[in-house]
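Everything below belongs to protein04.cif, which stores mmCIF, C-alpha atoms.
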data_model
#
loop_
_atom_site.label_atom_id
_atom_site.label_comp_id
_atom_site.auth_asym_id
_atom_site.auth_seq_id
_atom_site.Cartn_x
_atom_site.Cartn_y
_atom_site.Cartn_z
CA MET D 1 82.68 26.97 63.79
CA LYS D 2 81.05 24.12 65.66
CA LYS D 3 79.03 24.94 68.77
CA LEU D 4 81.09 24.32 71.89
CA ARG D 5 79.72 23.19 75.21
CA GLY D 6 80.30 25.25 78.34
CA ASN D 7 83.23 27.54 79.06
CA ASP D 8 86.06 25.03 78.72
CA GLU D 9 88.21 26.96 76.25
CA ALA D 10 90.82 27.86 78.86
CA PHE D 11 91.42 24.16 79.56
CA HIS D 12 91.77 23.31 75.86
CA LEU D 13 94.23 26.12 75.17
CA SER D 14 97.75 26.43 76.52
CA SER D 15 98.65 29.31 78.82
CA ILE D 16 100.77 30.77 76.03
CA GLU D 17 97.84 30.70 73.60
CA ILE D 18 95.55 32.36 76.15
CA CYS D 19 98.04 35.13 76.89
CA HIS D 20 98.62 35.64 73.17
CA ILE D 21 94.90 36.14 72.49
CA ILE D 22 94.67 38.61 75.38
CA GLU D 23 97.68 40.49 74.00
CA ILE D 24 95.97 40.75 70.60
CA ILE D 25 92.86 42.31 72.15
CA ILE D 26 94.87 44.71 74.29
CA SER D 27 96.97 45.71 71.27
CA ARG D 28 93.74 46.78 69.49
CA LYS D 29 94.85 45.12 66.25
CA THR D 30 92.11 43.02 64.69
CA PRO D 31 93.34 39.51 63.78
CA THR D 32 93.85 38.95 60.07
CA PRO D 33 91.86 36.26 58.20
CA LYS D 34 95.10 34.28 57.98
CA ARG D 35 95.41 34.26 61.77
CA TYR D 36 91.79 33.17 62.12
CA GLN D 37 92.53 30.21 59.87
CA ARG D 38 95.36 29.10 62.16
CA TRP D 39 93.12 29.15 65.23
CA ASP D 40 91.04 26.13 66.18
CA ASP D 41 87.43 26.35 67.37
CA TYR D 42 88.46 26.81 71.00
CA ALA D 43 90.82 29.69 70.23
CA ILE D 44 88.18 31.45 68.13
CA SER D 45 85.51 30.92 70.79
CA PHE D 46 87.84 32.22 73.51
CA TYR D 47 88.71 35.27 71.41
CA LEU D 48 85.03 36.10 70.85
CA LYS D 49 84.17 35.69 74.53
CA MET D 50 87.12 37.79 75.61
CA CYS D 51 86.06 40.53 73.20
CA THR D 52 82.71 40.50 75.00
CA CYS D 53 84.49 40.67 78.35
CA PHE D 54 86.65 43.57 77.18
CA ASP D 55 83.56 45.18 75.60
CA VAL D 56 85.16 45.57 72.18
CA ASP D 57 84.05 44.77 68.63
CA TYR D 58 85.83 41.57 67.61
CA GLN D 59 85.82 42.72 63.98
CA HIS D 60 87.15 46.21 64.70
CA LEU D 61 89.52 46.21 67.67
CA GLU D 62 91.07 49.45 66.44
CA ALA D 63 87.81 51.27 67.19
CA SER D 64 88.00 50.44 70.91
CA THR D 65 90.54 53.10 71.92
CA SER D 66 88.22 55.67 73.46
CA LYS D 67 86.08 53.04 75.17
CA ASP D 68 89.22 51.42 76.55
CA ASP D 69 90.42 54.68 78.09
CA CYS D 70 87.00 55.25 79.61
CA ARG D 71 86.80 51.78 81.14
CA LYS D 72 90.28 52.01 82.62
CA LYS D 73 88.99 54.81 84.81
CA GLN D 74 86.19 52.57 86.07
CA LEU D 75 88.23 49.63 87.35
CA SER D 76 86.83 47.89 90.42
CA PRO D 77 88.93 48.17 93.62
CA LEU D 78 90.20 44.60 93.26
CA THR D 79 91.12 45.09 89.60
CA LYS D 80 92.85 48.37 90.45
CA GLU D 81 94.92 46.55 93.05
CA MET D 82 95.95 43.95 90.49
CA SER D 83 96.99 46.59 87.97
CA SER D 84 98.58 49.01 90.43
CA LYS D 85 102.27 49.78 90.57
CA ALA D 86 102.66 47.48 93.56
CA GLY D 87 100.99 44.69 91.66
CA GLN D 88 103.27 45.24 88.70
CA GLU D 89 106.33 45.15 90.93
CA GLU D 90 105.13 41.86 92.42
CA HIS D 91 104.58 40.53 88.91
CA MET D 92 108.05 41.62 87.82
CA ASP D 93 109.58 40.08 90.94
CA CYS D 94 108.33 36.71 89.76
CA THR D 95 109.36 37.06 86.12
CA THR D 96 112.75 38.73 86.10
CA LYS D 97 114.80 36.36 88.21
CA GLY D 98 116.38 34.41 85.40
CA VAL D 99 113.33 32.79 83.80
CA SER D 100 110.87 34.35 81.37
CA LEU D 101 107.11 33.87 81.48
CA GLU D 102 107.18 32.26 78.06
CA ASP D 103 109.86 29.75 79.07
CA LEU D 104 108.04 28.78 82.25
CA LEU D 105 104.73 28.37 80.46
CA LYS D 106 106.50 26.16 77.93
CA GLU D 107 107.80 23.97 80.76
CA ILE D 108 104.32 23.71 82.25
CA ARG D 109 102.80 22.86 78.89
CA GLU D 110 105.35 20.11 78.37
CA GLU D 111 104.73 18.76 81.87
CA GLU D 112 101.00 18.48 81.16
CA HIS D 113 101.78 15.98 78.39
CA MET D 114 103.96 13.76 80.57
CA ASP D 115 102.64 10.55 82.02
CA GLU D 116 101.65 10.51 85.68
CA GLU D 117 104.88 9.05 87.05
CA ILE D 118 107.13 11.54 85.27
CA SER D 119 104.79 14.34 86.30
CA LYS D 120 105.20 13.30 89.95
CA GLU D 121 108.96 13.62 89.67
CA CYS D 122 108.58 17.00 88.01
CA ARG D 123 106.32 18.23 90.81
CA LYS D 124 108.88 17.13 93.40
CA LYS D 125 111.40 19.40 91.72
CA LEU D 126 108.88 22.25 91.90
CA ALA D 127 108.68 22.03 95.70
CA VAL D 128 109.13 25.15 97.76
CA ILE D 129 112.77 25.73 96.91
CA LYS D 130 114.71 28.71 95.72
CA LEU D 131 116.95 28.06 92.76
CA ILE D 132 119.82 30.38 91.95
CA GLY D 133 118.57 32.93 89.43
CA LYS D 134 115.03 31.51 89.42
CA PRO D 135 111.84 32.33 91.35
CA ILE D 136 110.49 30.42 94.33
CA TYR D 137 107.96 27.82 93.21
CA LEU D 138 105.11 26.90 95.53
CA ARG D 139 103.89 23.35 95.68
CA GLY D 140 100.19 22.54 95.55
CA PRO D 141 97.66 21.41 96.52
CA TYR D 142 97.09 24.52 98.60
CA LYS D 143 95.48 24.85 102.01
CA MET D 144 94.00 28.35 102.01
CA GLY D 145 91.89 27.90 105.13
CA SER D 146 90.67 25.41 107.70
CA TYR D 147 87.49 24.08 109.27
CA SER D 148 86.75 24.10 112.97
CA PRO D 149 87.09 20.72 114.73
CA GLY D 150 84.02 18.65 114.03
CA LYS D 151 83.07 20.80 111.04
CA GLU D 152 85.40 19.19 108.51
CA PRO D 153 83.70 18.24 105.21
CA ASP D 154 82.59 14.62 104.97
CA CYS D 155 81.71 14.81 101.27
CA ILE D 156 83.14 16.57 98.26
CA PRO D 157 81.80 19.98 97.16
CA TYR D 158 78.85 19.90 94.79
CA HIS D 159 80.74 21.35 91.83
CA LEU D 160 83.51 18.77 92.18
CA TYR D 161 80.83 16.10 92.21
CA LEU D 162 79.57 17.47 88.88
CA LEU D 163 83.07 17.30 87.40
CA VAL D 164 83.63 13.71 88.56
CA ARG D 165 80.19 12.72 87.29
CA GLU D 166 81.08 14.25 83.93
CA ALA D 167 84.20 12.09 83.79
CA VAL D 168 82.20 8.98 84.76
CA ASP D 169 79.57 9.68 82.09
CA ILE D 170 82.28 10.06 79.45
CA MET D 171 83.87 6.75 80.46
CA LYS D 172 80.49 5.00 80.18
CA ARG D 173 80.05 6.10 76.56
CA TYR D 174 83.75 6.04 75.68
CA ASN D 175 84.20 4.81 72.10
CA ASN D 176 86.24 7.32 70.06
CA THR D 177 89.05 9.87 70.10
CA ASN D 178 86.74 12.77 70.92
CA ASP D 179 85.62 10.98 74.07
CA LEU D 180 89.25 10.57 75.10
CA ILE D 181 89.83 14.30 74.65
CA ASP D 182 86.68 15.10 76.63
CA LEU D 183 87.82 12.77 79.42
CA LYS D 184 91.25 14.40 79.59
CA ILE D 185 89.68 17.85 79.84
CA ALA D 186 87.25 16.71 82.54
CA GLU D 187 90.10 15.21 84.55
CA LYS D 188 92.20 18.31 84.00
CA LYS D 189 89.41 20.34 85.59
CA ILE D 190 89.18 17.87 88.48
CA ARG D 191 92.91 18.17 89.18
CA PHE D 192 92.66 21.95 88.94
CA PHE D 193 89.77 21.97 91.42
CA CYS D 194 91.60 19.70 93.86
CA THR D 195 94.72 21.88 93.72
CA TYR D 196 93.07 25.20 94.57
CA PHE D 197 90.17 23.99 96.74
CA ASN D 198 91.97 21.28 98.66
CA SER D 199 90.86 22.82 101.96
CA HIS D 200 87.28 21.80 101.15
CA LEU D 201 87.95 18.12 100.44
CA PRO D 202 87.40 15.30 102.93
CA THR D 203 90.64 14.14 104.51
CA GLY D 204 92.50 11.76 102.20
CA TRP D 205 90.12 12.23 99.26
CA LYS D 206 91.81 11.73 95.90
CA TYR D 207 90.50 11.33 92.38
CA ASN D 208 91.36 8.14 90.56
CA ARG D 209 89.97 7.17 87.19
CA ALA D 210 89.70 3.51 88.14
CA ASN D 211 87.35 4.16 91.06
CA ALA D 212 85.68 7.37 89.88
CA SER D 213 82.21 5.81 90.00
CA PHE D 214 82.77 4.71 93.59
CA LEU D 215 83.86 8.23 94.60
CA ILE D 216 80.42 9.66 93.81
CA ALA D 217 78.29 6.63 94.66
CA GLY D 218 75.58 7.58 97.11
CA TYR D 219 76.13 11.30 96.64
CA ASP D 220 72.83 13.18 96.88
CA PRO D 221 73.06 16.25 94.61
CA THR D 222 69.74 17.58 95.90
CA GLY D 223 70.68 17.43 99.55
CA GLY D 224 71.59 20.78 101.05
CA ASN D 225 74.08 19.12 103.41
CA ASN D 226 76.07 17.88 100.45
CA ARG D 227 76.75 21.40 99.22
CA CYS D 228 79.71 23.03 100.84
CA LEU D 229 78.08 25.81 102.86
CA MET D 230 81.35 26.97 104.44
CA ALA D 231 80.05 26.37 107.96
CA GLY D 232 82.98 26.45 110.34
CA TYR D 233 85.45 27.45 107.62
CA THR D 234 87.99 30.22 108.17
CA PRO D 235 90.24 31.48 105.34
CA PHE D 236 93.92 31.98 106.16
CA ARG D 237 94.16 35.75 105.76
CA ASP D 238 97.96 35.66 105.73
CA TRP D 239 98.13 33.04 102.95
CA ALA D 240 98.12 35.82 100.35
CA GLU D 241 101.34 37.18 101.84
CA ALA D 242 103.31 34.00 101.14
CA LYS D 243 106.29 34.48 98.85
CA GLY D 244 106.69 32.64 95.58
CA CYS D 245 104.80 31.65 92.45
CA ASP D 246 102.36 28.88 91.62
CA PRO D 247 104.03 27.06 88.69
CA LYS D 248 100.72 26.13 87.06
CA THR D 249 99.25 29.63 86.84
CA TYR D 250 102.42 31.62 87.41
CA LEU D 251 100.55 33.72 89.94
CA SER D 252 101.68 34.71 93.39
CA PRO D 253 99.42 33.74 96.32
CA ARG D 254 98.13 37.32 96.33
CA GLY D 255 97.28 37.02 92.63
CA ILE D 256 95.34 33.81 93.29
CA VAL D 257 93.44 35.44 96.17
CA ASP D 258 92.70 38.54 94.07
CA VAL D 259 91.09 36.51 91.29
CA MET D 260 89.07 34.32 93.66
CA SER D 261 87.86 37.40 95.51
CA ILE D 262 86.67 38.98 92.27
CA ILE D 263 84.56 35.92 91.46
CA HIS D 264 83.29 35.68 95.04
CA SER D 265 82.06 39.28 94.77
CA ARG D 266 79.77 38.28 91.87
CA LYS D 267 80.61 41.56 90.16
CA THR D 268 81.95 41.16 86.64
CA PRO D 269 85.37 42.84 86.50
CA THR D 270 86.60 45.25 83.89
CA PHE D 271 89.30 43.23 82.20
CA TRP D 272 91.48 46.14 81.10
CA GLY D 273 94.53 46.18 83.33
CA MET D 274 94.40 42.49 84.28
CA PHE D 275 97.40 40.39 83.33
CA GLY D 276 96.97 37.49 80.91
CA GLN D 277 97.73 34.87 83.55
CA ASN D 278 95.15 36.43 85.91
CA ILE D 279 92.54 36.18 83.16
CA SER D 280 93.54 32.59 82.38
CA PHE D 281 93.09 31.60 86.04
CA TYR D 282 89.81 33.53 86.22
CA CYS D 283 88.43 31.68 83.18
CA LYS D 284 89.45 28.27 84.52
CA LEU D 285 87.76 28.96 87.84
CA CYS D 286 84.59 30.06 86.06
CA SER D 287 84.71 26.92 83.92
CA CYS D 288 84.92 24.61 86.95
CA PHE D 289 81.89 26.26 88.54
CA GLY D 290 79.79 26.72 85.40
CA ILE D 291 79.96 30.52 85.56
CA ASP D 292 79.88 32.79 82.49
CA TYR D 293 83.08 34.84 82.18
CA HIS D 294 81.19 38.03 81.42
CA ARG D 295 78.20 37.59 83.77
CA LEU D 296 79.34 36.97 87.33
CA GLU D 297 76.13 38.58 88.53
CA ALA D 298 74.23 35.53 87.24
CA ALA D 299 76.19 33.18 89.51
CA SER D 300 74.51 31.91 92.66
CA GLU D 301 75.94 32.16 96.15
CA ASP D 302 76.54 28.41 96.07
CA ASP D 303 78.55 28.84 92.86
CA VAL D 304 81.05 31.19 94.49
CA CYS D 305 81.04 30.28 98.20
CA LEU D 306 84.27 28.26 98.01
CA MET D 307 86.10 31.36 96.79
CA ASN D 308 85.53 33.23 100.02
CA MET D 309 89.02 34.48 100.84
CA GLY D 310 88.00 36.63 103.79
CA ARG D 311 87.49 39.82 101.81
CA ASN D 312 84.36 41.85 101.37
CA GLY D 313 84.67 41.82 97.56
#

Would you kindly transcribe this structure into structure tokens?
Amino acid sequence: MKKLRGNDEAFHLSSIEICHIIEIIISRKTPTPKRYQRWDDYAISFYLKMCTCFDVDYQHLEASTSKDDCRKKQLSPLTKEMSSKAGQEEHMDCTTKGVSLEDLLKEIREEEHMDEEISKECRKKLAVIKLIGKPIYLRGPYKMGSYSPGKEPDCIPYHLYLLVREAVDIMKRYNNTNDLIDLKIAEKKIRFFCTYFNSHLPTGWKYNRANASFLIAGYDPTGGNNRCLMAGYTPFRDWAEAKGCDPKTYLSPRGIVDVMSIIHSRKTPTFWGMFGQNISFYCKLCSCFGIDYHRLEAASEDDVCLMNMGRNG
């Protein structure tokens, strides 16, 4: 297997593939050599990292039973909340109203391959509406908090700057298919960041490939003022109570807040009991901020400050 850069596996894999790998680990049935052969480098890398996160032997999942039972008793408060009966009822409320998780993820996967104009039309249809027999879809980008007057950000957060710079660097060297794939992944991460951290963007800021270089021109990555220090920012505590599902992650607002709060705590969670879509969102957040899935303690305060959802962790 070739050496992969960073923690980008979750952006290379579809949501269905991610959930399937998680299901394999939870089932405690070691993948057969034939299954390994069907996986690409990103799927194999994700499987190995998730085995580390679940603290199991990737070659002998069957031997993890006793350790699994022990770790379930040691779930952090936030993870317990996500795996509690109430959390399961919330999860079921989103998945049993006429559309299965697999079908929705298939729709999302297909949408990701559409061109920009078609995707816009698709997003319009995913506005906050309630369809007969289907769940309520929320429409991003999401405002999860606000800044006090005069404290609004006048530059993009540092980690978004790094993502845009990555895209710009790829475009400068662009000369083959691999570069095109790298560019698509970088831009996928930028769109993801802008959807869930829209509250921290300057008013009217929008990524565009054509003027990407201009968007980061003059940005001083060493200047403390250019890092989002959350001064004057207040999370909307009632945002988690909003009804509906995010069509990209298939999480409720509470599910989104739960995962962000885990990362903000800088305490690596025990993954047993977390749903596949929670783990997928968790991994994508870590990827955008350069955080190791299995070592949240190594993250800096700057790495996690944007995920302050008003909880104590």

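Closest approach to Glu17 in chain D among D:Pro157, D:Pro235, D:Gly218, D:Gly276 is made by D:Gly276 (distances from all atoms listed in the file).
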
Expanded to explicit residues, what is the PyMOL selection byres ((chain D and resi 287) around 9) for this file, as a ChimeraX atom specification? /D:6-11,189,282-286,288-293

Of the candidates D:His200, D:Arg191, D:His264, D:His20, which shows the shortest atom-to-atom distance to Cys155 in chain D, using all atoms listed in the file? D:His200

Which residues come within 9 Å of Gly310 in chain D, counting all atoms listed in the file, excluding same-chain residues fewer than 3 positions away, as a PyMOL selection string? chain D and resi 234-237+261+307+313

What would the selection look like, as a VMD selection string, if the PyMOL selection byres ((chain D and resi 141) around 7) were run on the coordinates I just shared? chain D and resid 139 to 140 142 to 143 194 to 196 198

Closest of D:Asp182, D:Asp246, D:Asp57, D:Glu297 to Tyr137 in chain D - atom-to-atom distances counting all atoms listed in the file: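 With all atoms listed in the file as the atom set, the closest residue is D:Asp246.
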
As number ranges by chain, please: the residues near Lys184 in chain D (cut-off 12 Å, only C-alpha atoms, same-chain neighbours under 5 positions excluded). D: 8, 11-12, 112-113, 163-164, 166-168, 170-171, 174, 177-179, 189-191, 209

Given only C-alpha atoms as the basis, pick out the residue of D:Asp169, D:Glu152, D:Asn176, D:Ile185 nearest to Ser199 in chain D. D:Glu152

Near Arg28 in chain D, counting only C-alpha atoms, which residues have an atom at most 9 Å away, once you skip same-chain residues fewer than 2 positions from it, shown as a PyMOL selection string? chain D and resi 23-26+30+60-65

Which one of D:Phe271, D:Pro221, D:Leu215, D:Pro33 sits closest to Lys49 in chain D if you count only C-alpha atoms? D:Phe271

Point-to-point distance in Å for CA of Tyr36 in chain D and CA of Ile181 in chain D: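 The value is 22.7 Å.
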
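As for CA of Val257 in chain D and CA of Ile44 in chain D, they are spaced 28.8 Å apart.
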
Separation of CA of Ile156 in chain D from CA of Asp302 in chain D in Å: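 Calculated distance between CA of Asp302 in chain D and CA of Ile156 in chain D is 13.7 Å.
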
Answer key for the PyMOL selection byres ((chain D and resi 18) around 9), residues as an NGL selection string: :D and (10 or 13-17 or 19-23 or 43 or 46-47 or 276-277 or 279-280)

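With only C-alpha atoms as the atoms that count, the minimum distance from Ser213 in chain D to the choices D:Ser146, D:Met309, D:Lys172, D:Val259 is reached by D:Lys172.
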
Identify, on the basis of all atoms listed in the file, every residue whose closest approach to Lys151 in chain D does not exceed 9 Å; exclude the query and any residue fewer than 4 positions from it along the same chain; express the result as JSON, numbers by chain. {"D": [147, 231, 232, 233]}

Complete range 271-303 of chain D at the level of N, CA and C atoms, written as a short mmCIF file (atom, residue, chain, number, x, y, z; two decimals), in the frame of the given file.
data_model
loop_
_atom_site.label_atom_id
_atom_site.label_comp_id
_atom_site.auth_asym_id
_atom_site.auth_seq_id
_atom_site.Cartn_x
_atom_site.Cartn_y
_atom_site.Cartn_z
N PHE D 271 88.12 44.05 82.46
CA PHE D 271 89.30 43.23 82.20
C PHE D 271 90.54 44.04 81.82
N TRP D 272 90.32 45.31 81.43
CA TRP D 272 91.48 46.14 81.10
C TRP D 272 92.35 46.30 82.34
N GLY D 273 93.62 46.05 82.20
CA GLY D 273 94.53 46.18 83.33
C GLY D 273 94.86 44.87 84.00
N MET D 274 94.09 43.80 83.72
CA MET D 274 94.40 42.49 84.28
C MET D 274 95.46 41.81 83.42
N PHE D 275 96.37 41.11 84.06
CA PHE D 275 97.40 40.39 83.33
C PHE D 275 96.81 39.14 82.67
N GLY D 276 97.46 38.66 81.62
CA GLY D 276 96.97 37.49 80.91
C GLY D 276 96.83 36.27 81.79
N GLN D 277 97.81 36.05 82.70
CA GLN D 277 97.73 34.87 83.55
C GLN D 277 96.62 34.99 84.60
N ASN D 278 96.29 36.23 85.01
CA ASN D 278 95.15 36.43 85.91
C ASN D 278 93.85 36.06 85.20
N ILE D 279 93.74 36.48 83.94
CA ILE D 279 92.54 36.18 83.16
C ILE D 279 92.42 34.69 82.90
N SER D 280 93.54 34.04 82.62
CA SER D 280 93.54 32.59 82.38
C SER D 280 93.02 31.86 83.62
N PHE D 281 93.52 32.22 84.79
CA PHE D 281 93.09 31.60 86.04
C PHE D 281 91.61 31.89 86.30
N TYR D 282 91.21 33.11 86.05
CA TYR D 282 89.81 33.53 86.22
C TYR D 282 88.89 32.66 85.36
N CYS D 283 89.27 32.46 84.10
CA CYS D 283 88.43 31.68 83.18
C CYS D 283 88.35 30.22 83.60
N LYS D 284 89.45 29.67 84.09
CA LYS D 284 89.45 28.27 84.52
C LYS D 284 88.58 28.08 85.76
N LEU D 285 88.63 29.04 86.67
CA LEU D 285 87.76 28.96 87.84
C LEU D 285 86.30 29.01 87.42
N CYS D 286 85.97 29.95 86.54
CA CYS D 286 84.59 30.06 86.06
C CYS D 286 84.14 28.77 85.38
N SER D 287 85.04 28.16 84.62
CA SER D 287 84.71 26.92 83.92
C SER D 287 84.36 25.80 84.90
N CYS D 288 85.15 25.68 85.97
CA CYS D 288 84.92 24.61 86.95
C CYS D 288 83.58 24.77 87.68
N PHE D 289 83.12 26.01 87.79
CA PHE D 289 81.89 26.26 88.54
C PHE D 289 80.71 26.62 87.64
N GLY D 290 80.89 26.46 86.33
CA GLY D 290 79.79 26.72 85.40
C GLY D 290 79.33 28.16 85.37
N ILE D 291 80.27 29.09 85.52
CA ILE D 291 79.96 30.52 85.56
C ILE D 291 80.37 31.17 84.24
N ASP D 292 79.53 32.05 83.70
CA ASP D 292 79.88 32.79 82.49
C ASP D 292 80.96 33.82 82.81
N TYR D 293 81.99 33.89 81.96
CA TYR D 293 83.08 34.84 82.18
C TYR D 293 82.57 36.26 82.35
N HIS D 294 81.61 36.63 81.50
CA HIS D 294 81.19 38.03 81.42
C HIS D 294 79.91 38.33 82.19
N ARG D 295 79.44 37.36 83.02
CA ARG D 295 78.20 37.59 83.77
C ARG D 295 78.31 36.98 85.17
N LEU D 296 79.21 37.50 85.97
CA LEU D 296 79.34 36.97 87.33
C LEU D 296 78.07 37.21 88.14
N GLU D 297 77.34 38.26 87.79
CA GLU D 297 76.13 38.58 88.53
C GLU D 297 75.09 37.46 88.45
N ALA D 298 75.19 36.63 87.41
CA ALA D 298 74.23 35.53 87.24
C ALA D 298 74.59 34.31 88.08
N ALA D 299 75.77 34.31 88.68
CA ALA D 299 76.19 33.18 89.51
C ALA D 299 75.43 33.19 90.83
N SER D 300 75.19 32.01 91.37
CA SER D 300 74.51 31.91 92.66
C SER D 300 75.53 31.97 93.79
N GLU D 301 75.04 32.14 95.00
CA GLU D 301 75.94 32.16 96.15
C GLU D 301 76.64 30.82 96.31
N ASP D 302 75.92 29.74 96.01
CA ASP D 302 76.54 28.41 96.07
C ASP D 302 77.67 28.27 95.06
N ASP D 303 77.52 28.93 93.91
CA ASP D 303 78.55 28.84 92.86
C ASP D 303 79.88 29.44 93.31
#
